[in-house]
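Novice: Contents of work02.cif (mmCIF, C-alpha atoms and all ligand atoms) are given next:
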data_coords
loop_
_atom_site.label_atom_id
_atom_site.label_comp_id
_atom_site.auth_asym_id
_atom_site.auth_seq_id
_atom_site.Cartn_x
_atom_site.Cartn_y
_atom_site.Cartn_z
CA MET A 1 102.45 119.33 139.11
CA SER A 2 102.17 118.49 135.46
CA ASN A 3 104.88 117.06 133.30
CA SER A 4 104.26 118.51 129.86
CA SER A 5 106.08 115.70 128.06
CA HIS A 6 103.78 113.05 129.51
CA TYR A 7 101.50 111.87 126.69
CA GLN A 8 97.91 112.00 127.96
CA GLY A 9 95.86 110.54 125.15
CA LEU A 10 94.50 111.85 121.88
CA ILE A 11 91.98 114.36 123.27
CA GLU A 12 94.72 116.33 125.02
CA ARG A 13 97.03 115.89 122.04
CA TYR A 14 94.50 117.17 119.48
CA ARG A 15 92.23 119.22 121.74
CA ASP A 16 92.02 122.16 119.29
CA ARG A 17 90.95 119.83 116.48
CA LEU A 18 88.23 117.96 118.36
CA PRO A 19 84.73 118.98 119.48
CA VAL A 20 85.62 119.31 123.18
CA THR A 21 85.64 122.26 125.56
CA ASP A 22 87.08 123.01 129.01
CA LYS A 23 83.85 121.56 130.40
CA THR A 24 84.31 118.16 128.75
CA PRO A 25 85.46 115.64 131.37
CA VAL A 26 88.21 113.77 129.52
CA VAL A 27 87.90 110.02 129.92
CA SER A 28 91.18 108.64 128.62
CA LEU A 29 93.44 105.61 128.88
CA ASN A 30 96.26 107.39 126.99
CA GLU A 31 95.03 105.91 123.69
CA GLY A 32 96.53 106.88 120.33
CA ASP A 33 100.19 107.63 119.55
CA THR A 34 100.49 104.10 118.14
CA PRO A 35 103.54 102.99 116.15
CA LEU A 36 103.85 103.37 112.39
CA ILE A 37 105.99 100.36 111.54
CA LYS A 38 107.82 100.05 108.22
CA LEU A 39 107.60 96.60 106.67
CA VAL A 40 111.14 95.43 105.95
CA ASN A 41 110.88 91.79 104.89
CA ILE A 42 107.59 91.33 103.03
CA PRO A 43 108.17 93.99 100.30
CA GLU A 44 111.64 92.55 99.63
CA GLN A 45 110.19 89.04 99.45
CA ILE A 46 107.67 90.01 96.77
CA GLY A 47 110.26 92.09 94.92
CA THR A 48 108.56 95.47 95.00
CA SER A 49 109.98 98.93 95.56
CA VAL A 50 106.91 100.23 97.39
CA GLU A 51 107.40 101.75 100.81
CA MET A 52 104.87 100.15 103.10
CA TYR A 53 103.95 101.02 106.67
CA VAL A 54 101.62 99.44 109.18
CA LYS A 55 99.74 101.73 111.56
CA PHE A 56 99.52 99.23 114.39
CA ASP A 57 96.39 100.36 116.19
CA GLY A 58 96.30 96.99 117.96
CA GLN A 59 98.67 98.72 120.39
CA ASN A 60 95.92 100.87 121.86
CA PRO A 61 94.97 100.32 125.54
CA THR A 62 92.30 97.68 124.88
CA GLY A 63 94.07 96.30 121.81
CA SER A 64 92.15 97.91 118.95
CA PHE A 65 91.55 101.26 117.22
CA LYS A 66 88.10 101.41 118.87
CA ASP A 67 89.76 103.21 121.80
CA ARG A 68 90.32 106.29 119.60
CA GLY A 69 86.61 106.71 119.11
CA MET A 70 85.63 105.53 122.56
CA THR A 71 87.61 108.18 124.46
CA MET A 72 85.61 110.81 122.55
CA ALA A 73 82.21 109.08 122.78
CA VAL A 74 82.50 108.38 126.52
CA SER A 75 83.91 111.83 127.33
CA LYS A 76 80.98 113.46 125.50
CA ALA A 77 78.52 111.09 127.22
CA ALA A 78 80.02 112.10 130.57
CA GLU A 79 79.68 115.79 129.61
CA LYS A 80 75.94 115.17 129.09
CA GLY A 81 75.72 113.49 132.48
CA ALA A 82 74.99 110.03 131.04
CA LYS A 83 75.07 107.17 133.52
CA ALA A 84 75.13 104.35 130.99
CA ILE A 85 76.32 103.55 127.48
CA VAL A 86 75.22 100.86 125.04
CA CYS A 87 76.69 99.31 121.91
CA ALA A 88 76.37 96.41 119.53
CA SER A 89 79.70 94.77 118.95
CA THR A 90 81.60 92.00 117.23
CA GLY A 91 83.92 92.22 120.26
CA ASN A 92 86.32 95.14 120.13
CA THR A 93 83.78 97.91 120.57
CA SER A 94 82.45 96.09 123.64
CA ALA A 95 85.98 95.76 125.07
CA ALA A 96 86.63 99.48 124.58
CA ALA A 97 83.18 100.54 125.81
CA ALA A 98 83.58 98.39 128.93
CA ALA A 99 87.02 99.81 129.75
CA TYR A 100 86.12 103.49 129.23
CA ALA A 101 82.82 103.07 131.09
CA ALA A 102 84.72 101.57 134.02
CA ARG A 103 87.04 104.57 133.99
CA ALA A 104 84.09 106.99 133.85
CA GLY A 105 82.04 105.21 136.53
CA MET A 106 79.29 104.36 134.04
CA THR A 107 77.51 101.11 133.22
CA ALA A 108 78.24 99.63 129.80
CA PHE A 109 75.64 97.41 128.13
CA VAL A 110 77.06 95.44 125.23
CA LEU A 111 75.11 93.36 122.72
CA ILE A 112 77.20 90.62 121.13
CA PRO A 113 76.30 87.97 118.53
CA GLU A 114 75.82 84.53 120.06
CA GLY A 115 78.96 82.39 119.92
CA LYS A 116 80.77 84.59 117.40
CA ILE A 117 83.09 86.63 119.53
CA PRO A 118 86.65 85.60 120.35
CA MET A 119 87.33 84.72 123.99
CA GLY A 120 89.91 87.49 124.50
CA LYS A 121 87.36 90.19 123.65
CA LEU A 122 84.65 88.61 125.78
CA ALA A 123 87.10 88.37 128.67
CA GLN A 124 87.78 92.10 128.39
CA ALA A 125 84.09 93.06 128.50
CA ILE A 126 83.53 90.81 131.52
CA ALA A 127 86.69 91.91 133.34
CA HIS A 128 85.78 95.60 132.98
CA GLY A 129 82.34 94.88 134.41
CA ALA A 130 80.11 95.42 131.37
CA VAL A 131 76.63 93.91 131.28
CA VAL A 132 77.05 91.46 128.41
CA LEU A 133 73.90 90.59 126.48
CA GLN A 134 74.44 87.77 124.01
CA ILE A 135 71.72 88.00 121.41
CA ARG A 136 70.36 85.24 119.21
CA GLY A 137 71.31 87.09 116.07
CA ASN A 138 74.26 88.72 114.34
CA PHE A 139 75.91 92.15 114.64
CA ASP A 140 73.38 93.78 112.32
CA ASP A 141 70.51 92.57 114.54
CA GLY A 142 72.38 93.97 117.54
CA MET A 143 72.86 97.32 115.82
CA ARG A 144 69.15 97.60 115.03
CA LEU A 145 68.24 96.73 118.64
CA VAL A 146 70.68 99.25 120.08
CA LYS A 147 69.12 102.05 118.02
CA GLU A 148 65.65 100.95 119.11
CA VAL A 149 66.45 100.60 122.81
CA ALA A 150 68.23 103.98 122.99
CA GLY A 151 64.81 105.56 122.40
CA GLU A 152 63.32 103.61 125.31
CA ALA A 153 66.02 103.71 128.01
CA PRO A 154 68.50 106.32 129.34
CA VAL A 155 71.58 104.98 127.54
CA GLU A 156 74.01 106.68 125.13
CA ILE A 157 74.88 104.80 121.95
CA VAL A 158 78.64 104.51 121.51
CA ASN A 159 78.68 102.71 118.18
CA SER A 160 80.16 104.68 115.28
CA VAL A 161 76.70 106.09 114.45
CA ASN A 162 77.67 108.37 117.35
CA PRO A 163 79.55 111.10 115.42
CA TYR A 164 82.08 111.60 118.21
CA ARG A 165 83.47 108.14 117.48
CA LEU A 166 84.64 109.22 114.00
CA GLN A 167 86.05 112.44 115.42
CA GLY A 168 88.31 110.37 117.68
CA GLN A 169 89.19 107.95 114.92
CA LYS A 170 90.27 110.71 112.52
CA THR A 171 93.36 111.24 114.71
CA GLY A 172 94.92 108.09 113.23
CA ALA A 173 95.35 110.04 109.99
CA PHE A 174 96.87 113.03 111.83
CA GLU A 175 99.46 110.77 113.44
CA ILE A 176 100.39 109.18 110.11
CA VAL A 177 100.84 112.53 108.36
CA GLU A 178 102.95 113.82 111.25
CA ALA A 179 105.11 110.68 111.28
CA LEU A 180 105.71 110.65 107.51
CA GLY A 181 105.86 114.42 107.06
CA ARG A 182 103.31 114.00 104.25
CA ALA A 183 100.19 112.01 103.40
CA PRO A 184 100.74 108.53 101.97
CA ASP A 185 99.85 107.84 98.32
CA TYR A 186 97.54 104.99 99.32
CA HIS A 187 95.80 104.22 102.57
CA CYS A 188 94.52 100.63 102.86
CA ILE A 189 92.04 99.63 105.56
CA PRO A 190 89.64 96.82 106.51
CA VAL A 191 85.95 97.72 106.21
CA GLY A 192 83.23 96.30 108.44
CA ASN A 193 80.74 98.81 109.79
CA ALA A 194 82.70 101.37 107.69
CA GLY A 195 83.31 103.89 110.48
CA ASN A 196 87.09 103.71 110.45
CA ILE A 197 87.59 104.36 106.73
CA SER A 198 85.23 107.34 107.14
CA GLY A 199 87.15 108.61 110.18
CA TYR A 200 90.49 108.36 108.42
CA TRP A 201 89.12 110.26 105.43
CA ILE A 202 87.90 113.07 107.68
CA GLY A 203 91.36 113.14 109.28
CA TYR A 204 93.28 113.23 106.01
CA SER A 205 90.90 115.86 104.62
CA GLU A 206 91.33 118.10 107.66
CA ALA A 207 95.11 117.58 107.72
CA CYS A 208 95.42 119.13 104.26
CA GLY A 209 92.92 121.90 104.98
CA HIS A 210 90.20 120.49 102.75
CA ASN A 211 86.84 121.36 104.19
CA THR A 212 84.87 118.38 102.94
CA ALA A 213 81.22 117.62 103.36
CA SER A 214 82.20 114.66 105.54
CA CYS A 215 83.85 117.02 108.02
CA THR A 216 80.52 117.50 109.81
CA LEU A 217 81.62 118.77 113.19
CA CYS A 218 84.43 121.04 112.15
CA ASN A 219 82.21 123.66 110.48
CA GLY A 220 85.09 125.16 108.59
CA GLU A 221 86.84 126.11 111.81
CA CYS A 222 89.44 123.41 111.78
CA PRO A 223 92.91 124.83 112.60
CA TYR A 224 94.41 122.88 109.73
CA LEU A 225 92.49 125.10 107.30
CA GLU A 226 95.00 127.85 108.05
CA ASN A 227 98.03 125.67 108.72
CA PRO A 228 97.68 122.44 106.76
CA LEU A 229 100.04 119.60 107.66
CA THR A 230 100.20 118.45 104.05
CA THR A 231 98.93 119.35 100.59
CA THR A 232 97.68 115.96 99.41
CA ARG A 233 95.27 113.26 100.46
CA PRO A 234 95.79 109.52 99.91
CA ILE A 235 93.80 107.26 97.64
CA MET A 236 91.57 105.30 100.03
CA VAL A 237 91.26 101.56 99.48
CA GLY A 238 88.77 99.56 101.55
CA TYR A 239 88.97 95.78 101.74
CA GLN A 240 86.23 93.44 102.92
CA ALA A 241 86.02 89.71 103.61
CA SER A 242 84.36 87.92 100.66
CA GLY A 243 81.56 86.50 102.83
CA ALA A 244 80.76 89.93 104.27
CA ALA A 245 81.30 92.32 101.36
CA PRO A 246 78.24 94.54 100.95
CA PHE A 247 80.27 97.29 99.22
CA LEU A 248 81.28 94.80 96.53
CA ARG A 249 77.73 93.48 96.14
CA GLY A 250 76.30 97.00 96.07
CA HIS A 251 73.72 96.24 98.77
CA PRO A 252 73.52 94.91 102.35
CA VAL A 253 74.32 91.22 102.82
CA GLU A 254 71.72 89.19 104.76
CA GLN A 255 73.91 86.50 106.32
CA PRO A 256 77.49 87.80 106.50
CA GLU A 257 80.03 85.05 107.17
CA THR A 258 83.78 85.24 107.72
CA LEU A 259 86.28 84.02 110.29
CA ALA A 260 87.43 87.64 110.53
CA THR A 261 84.69 88.17 113.14
CA ALA A 262 85.44 91.89 113.63
CA ILE A 263 84.20 92.60 110.09
CA ARG A 264 81.39 90.02 109.99
CA ILE A 265 78.90 92.79 109.17
CA GLY A 266 76.32 92.88 106.39
CA ASN A 267 74.73 96.30 106.80
CA PRO A 268 77.42 98.96 107.39
CA GLN A 269 76.14 102.02 109.27
CA SER A 270 78.57 104.47 107.64
CA TRP A 271 77.74 103.34 104.10
CA ASN A 272 77.46 106.84 102.56
CA LEU A 273 80.54 108.29 104.26
CA ALA A 274 82.68 105.32 103.29
CA LYS A 275 81.45 105.37 99.70
CA ALA A 276 82.16 109.10 99.50
CA ALA A 277 85.68 108.60 100.91
CA VAL A 278 86.50 106.04 98.26
CA GLU A 279 84.93 108.03 95.43
CA GLU A 280 86.38 111.44 96.38
CA SER A 281 89.85 109.96 96.75
CA GLY A 282 89.75 107.98 93.51
CA GLY A 283 90.06 104.70 95.41
CA TRP A 284 88.21 101.41 95.36
CA PHE A 285 86.74 98.56 97.42
CA ASP A 286 87.85 94.97 96.98
CA GLU A 287 87.37 91.67 98.74
CA VAL A 288 89.72 88.99 100.08
CA THR A 289 88.98 85.39 101.02
CA ASP A 290 89.25 83.92 104.51
CA GLN A 291 92.22 81.80 103.41
CA GLU A 292 94.05 84.88 102.07
CA ILE A 293 93.33 86.65 105.37
CA LEU A 294 94.83 83.81 107.44
CA ASP A 295 97.87 83.58 105.15
CA THR A 296 98.53 87.31 105.55
CA GLN A 297 98.00 87.21 109.31
CA SER A 298 100.62 84.47 109.45
CA LEU A 299 102.97 86.32 107.07
CA LEU A 300 102.87 89.49 109.19
CA ALA A 301 103.49 87.52 112.37
CA SER A 302 106.25 85.28 111.02
CA LYS A 303 108.09 87.73 108.72
CA GLU A 304 107.61 91.10 110.42
CA GLY A 305 106.93 90.29 114.09
CA ILE A 306 103.51 91.92 113.93
CA PHE A 307 100.74 89.80 115.46
CA CYS A 308 97.29 91.07 114.53
CA GLU A 309 93.82 89.57 114.53
CA PRO A 310 92.38 88.18 111.27
CA ALA A 311 90.24 91.26 110.39
CA SER A 312 93.33 93.45 110.76
CA ALA A 313 95.36 91.46 108.25
CA VAL A 314 92.78 92.37 105.59
CA SER A 315 94.38 95.75 104.81
CA VAL A 316 97.84 94.29 104.20
CA CYS A 317 96.31 91.31 102.40
CA GLY A 318 94.47 93.45 99.86
CA ALA A 319 97.38 95.87 99.49
CA LEU A 320 99.84 93.08 98.68
CA ARG A 321 97.53 91.72 96.00
CA ASP A 322 97.07 95.16 94.43
CA ILE A 323 100.83 95.76 94.55
CA ARG A 324 101.51 92.45 92.82
CA SER A 325 98.98 93.22 90.09
CA GLY A 326 100.38 96.73 89.57
CA LYS A 327 97.11 98.42 90.50
CA ILE A 328 99.16 100.09 93.26
CA PRO A 329 102.28 101.13 91.31
CA ASP A 330 105.93 100.57 92.22
CA GLY A 331 107.42 103.44 94.16
CA SER A 332 104.20 104.19 96.05
CA LEU A 333 104.10 105.16 99.71
CA ILE A 334 101.44 102.97 101.34
CA THR A 335 99.99 102.89 104.84
CA CYS A 336 97.82 100.06 106.12
CA THR A 337 95.75 100.31 109.29
CA VAL A 338 96.23 97.16 111.31
CA THR A 339 93.21 97.48 113.52
CA GLY A 340 93.47 94.97 116.36
CA HIS A 341 95.94 92.83 118.29
CA GLY A 342 96.45 89.12 117.64
CA LEU A 343 96.10 88.27 121.34
CA LYS A 344 92.38 89.06 121.01
CA ASP A 345 91.78 85.81 119.15
CA THR A 346 94.41 83.22 119.90
CA ALA A 347 92.21 80.26 118.93
CA THR A 348 92.09 81.27 115.25
CA ALA A 349 95.83 82.00 115.22
CA ILE A 350 96.74 78.52 116.47
CA GLU A 351 94.17 76.48 114.55
CA GLY A 352 95.68 74.28 111.87
CA ARG A 353 99.26 75.30 112.71
CA ASP A 354 102.21 73.05 113.55
CA PRO A 355 101.61 71.52 116.94
CA VAL A 356 103.84 72.26 119.90
CA GLN A 357 106.68 69.71 120.24
CA THR A 358 106.99 67.89 123.55
CA VAL A 359 110.48 66.75 124.50
CA ASP A 360 112.04 65.08 127.54
CA ALA A 361 113.44 67.44 130.18
CA GLU A 362 117.00 66.45 129.26
CA LEU A 363 119.82 68.29 127.50
CA ALA A 364 120.09 65.64 124.77
CA SER A 365 116.43 65.93 123.76
CA VAL A 366 116.39 69.72 123.76
CA LYS A 367 119.68 69.87 121.84
CA ASP A 368 118.40 67.34 119.28
CA ALA A 369 115.22 69.34 118.79
CA ILE A 370 117.16 72.56 118.26
CA LEU A 371 119.69 71.10 115.84
CA ARG A 372 116.91 69.55 113.78
CA HIS A 373 115.64 73.06 113.02
CA LEU A 374 118.95 74.64 112.08
C1 LIG A 401 85.83 97.36 114.24
C2 LIG A 401 86.94 96.66 113.57
C3 LIG A 401 87.13 96.69 112.17
C4 LIG A 401 86.17 97.36 111.25
O1 LIG A 401 86.11 98.74 111.41
P1 LIG A 401 84.78 99.51 110.93
O2 LIG A 401 84.92 100.87 111.44
O3 LIG A 401 83.64 98.75 111.55
O4 LIG A 401 84.75 99.40 109.45
C5 LIG A 401 88.25 96.07 111.63
N1 LIG A 401 89.12 95.41 112.41
C6 LIG A 401 88.97 95.35 113.74
C7 LIG A 401 89.98 94.60 114.53
C8 LIG A 401 87.89 95.96 114.36
O5 LIG A 401 87.76 95.87 115.69
#
As structure tokens, please, write out the structure in this file.

Specialist:
Amino acid sequence: MSNSSHYQGLIERYRDRLPVTDKTPVVSLNEGDTPLIKLVNIPEQIGTSVEMYVKFDGQNPTGSFKDRGMTMAVSKAAEKGAKAIVCASTGNTSAAAAAYAARAGMTAFVLIPEGKIPMGKLAQAIAHGAVVLQIRGNFDDGMRLVKEVAGEAPVEIVNSVNPYRLQGQKTGAFEIVEALGRAPDYHCIPVGNAGNISGYWIGYSEACGHNTASCTLCNGECPYLENPLTTTRPIMVGYQASGAAPFLRGHPVEQPETLATAIRIGNPQSWNLAKAAVEESGGWFDEVTDQEILDTQSLLASKEGIFCEPASAVSVCGALRDIRSGKIPDGSLITCTVTGHGLKDTATAIEGRDPVQTVDAELASVKDAILRHL
């Protein structure tokens, strides 16, 4: 017996807008349907009248937006009869690939950069039974190797070069437009491999019935062409970490470096799609420093109760700077994708913060400690 109100993940939710058929075995962990949270304290603190929302995709099943793309990529791999999937990852793709492969009864091979992935993400890949290959190189080396090995072994690539990934990720835009009843004026997002900004742009374009060149799989048959959800598309703004900012440099970066490990990428695979999204929408790319990223991560956690990983704070970080400077005008409606959960990388969150206070197990000590803070 089926309960029609039971949310069953984004493929079932958006089945008529995704490249699936009755024959596609749906591999889902009920991803998607994540909260759109209005910021209440930070805008007031900086004295702006913008309306600002966080799309907290860290609340997906494995703690990042990668689940949106992975449910599609693994379902389509299963449809083809694949027994194994492979990806290069800075951590979150490997966590998602491992979980969805476990669900589908497949083997996941994940290539991670040596020593540069947070323990939470590594724990996920291991717990879900992935074969973890730590390579002596960075993400870009891993990406190159994955493309090479897929020609030599029976494995499906589930990085965002797999077009089904972006098809899943476009649903984030659908959910935002449905929640707001319109498209935002600005959509701000961190950019690493540049798949997510491309996916969102496909989603916003389809939601307003625009049949863009980037809408590769919809072939002009998207149901929103006839019944658009909205009439406008947002201005897309992509932010990168200064040490890993190829879109700002205008070319790939050889040795990307940032503590926001999820976007420590020098050679983005969706370069053209991301550039087109920004250009078509009249948006821009900008960069933020590691210190600004940490400050914003802390601000979101301490002022809004939203704990995200460093790479995820990049969207809010850049948006706040552009609001302060007036580049994003007062009165704007802004959405920021917050891509991953803070529990992924607890070491970075704690580093350099006030130490835990140790007190005697006595009423007097605990009371003293409390009163000192009031
Ligand atoms: C993957 C990831 C990004 C970057 O997304 P791209 O699609 O690679 O641009 C940002 N933040 C987090 C937490 C991620 O896992």

Novice: Counting only C-alpha atoms, which of A:Val314, A:Ile37, A:Leu18, A:Met143 gets nearest to Ile189 in chain A?

Specialist: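 Comparing A:Val314, A:Ile37, A:Leu18, A:Met143 against Ile189 in chain A, the winner is A:Val314.
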
Novice: For a test of reading the model, state the distance in Å between CA of Val54 in chain A and CA of Ala99 in chain A, rounded to one decimal.

Specialist: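 Those two atoms sit 25.2 Å apart.
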
Novice: Any idea what the distance is between CA of Gly137 in chain A and CA of Gly238 in chain A?

Specialist: 25.9 Å

Novice: What residues have any atom no more than 6 Å from ligand LIG 401 (chain A) when counting only C-alpha atoms and all ligand atoms, and can you list them as a ChimeraX atom specification?

Specialist: /A:64,92,190-196,262-263,311-312,339-340

Novice: Write out as JSON, numbers by chain which residues come within 9 Å of Val316 in chain A when counting only C-alpha atoms, dropping same-chain ones fewer than 3 positions away.

Specialist: {"A": [54, 188, 189, 190, 293, 296, 297, 300, 312, 313, 319, 320, 321, 335, 336, 337, 338]}

Novice: CA of Gln124 in chain A and CA of Thr346 in chain A, how far apart in Å?

Specialist: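 Computing the Euclidean distance for CA of Thr346 in chain A and CA of Gln124 in chain A yields 14.0 Å.
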
Novice: Fewer than 3 positions away in the same chain doesn't count, so skip those; otherwise give me all residues within 9 Å of Asp33 in chain A, counting only C-alpha atoms, as a ChimeraX atom specification.

Specialist: /A:7,9-10,30,57,60,172,175
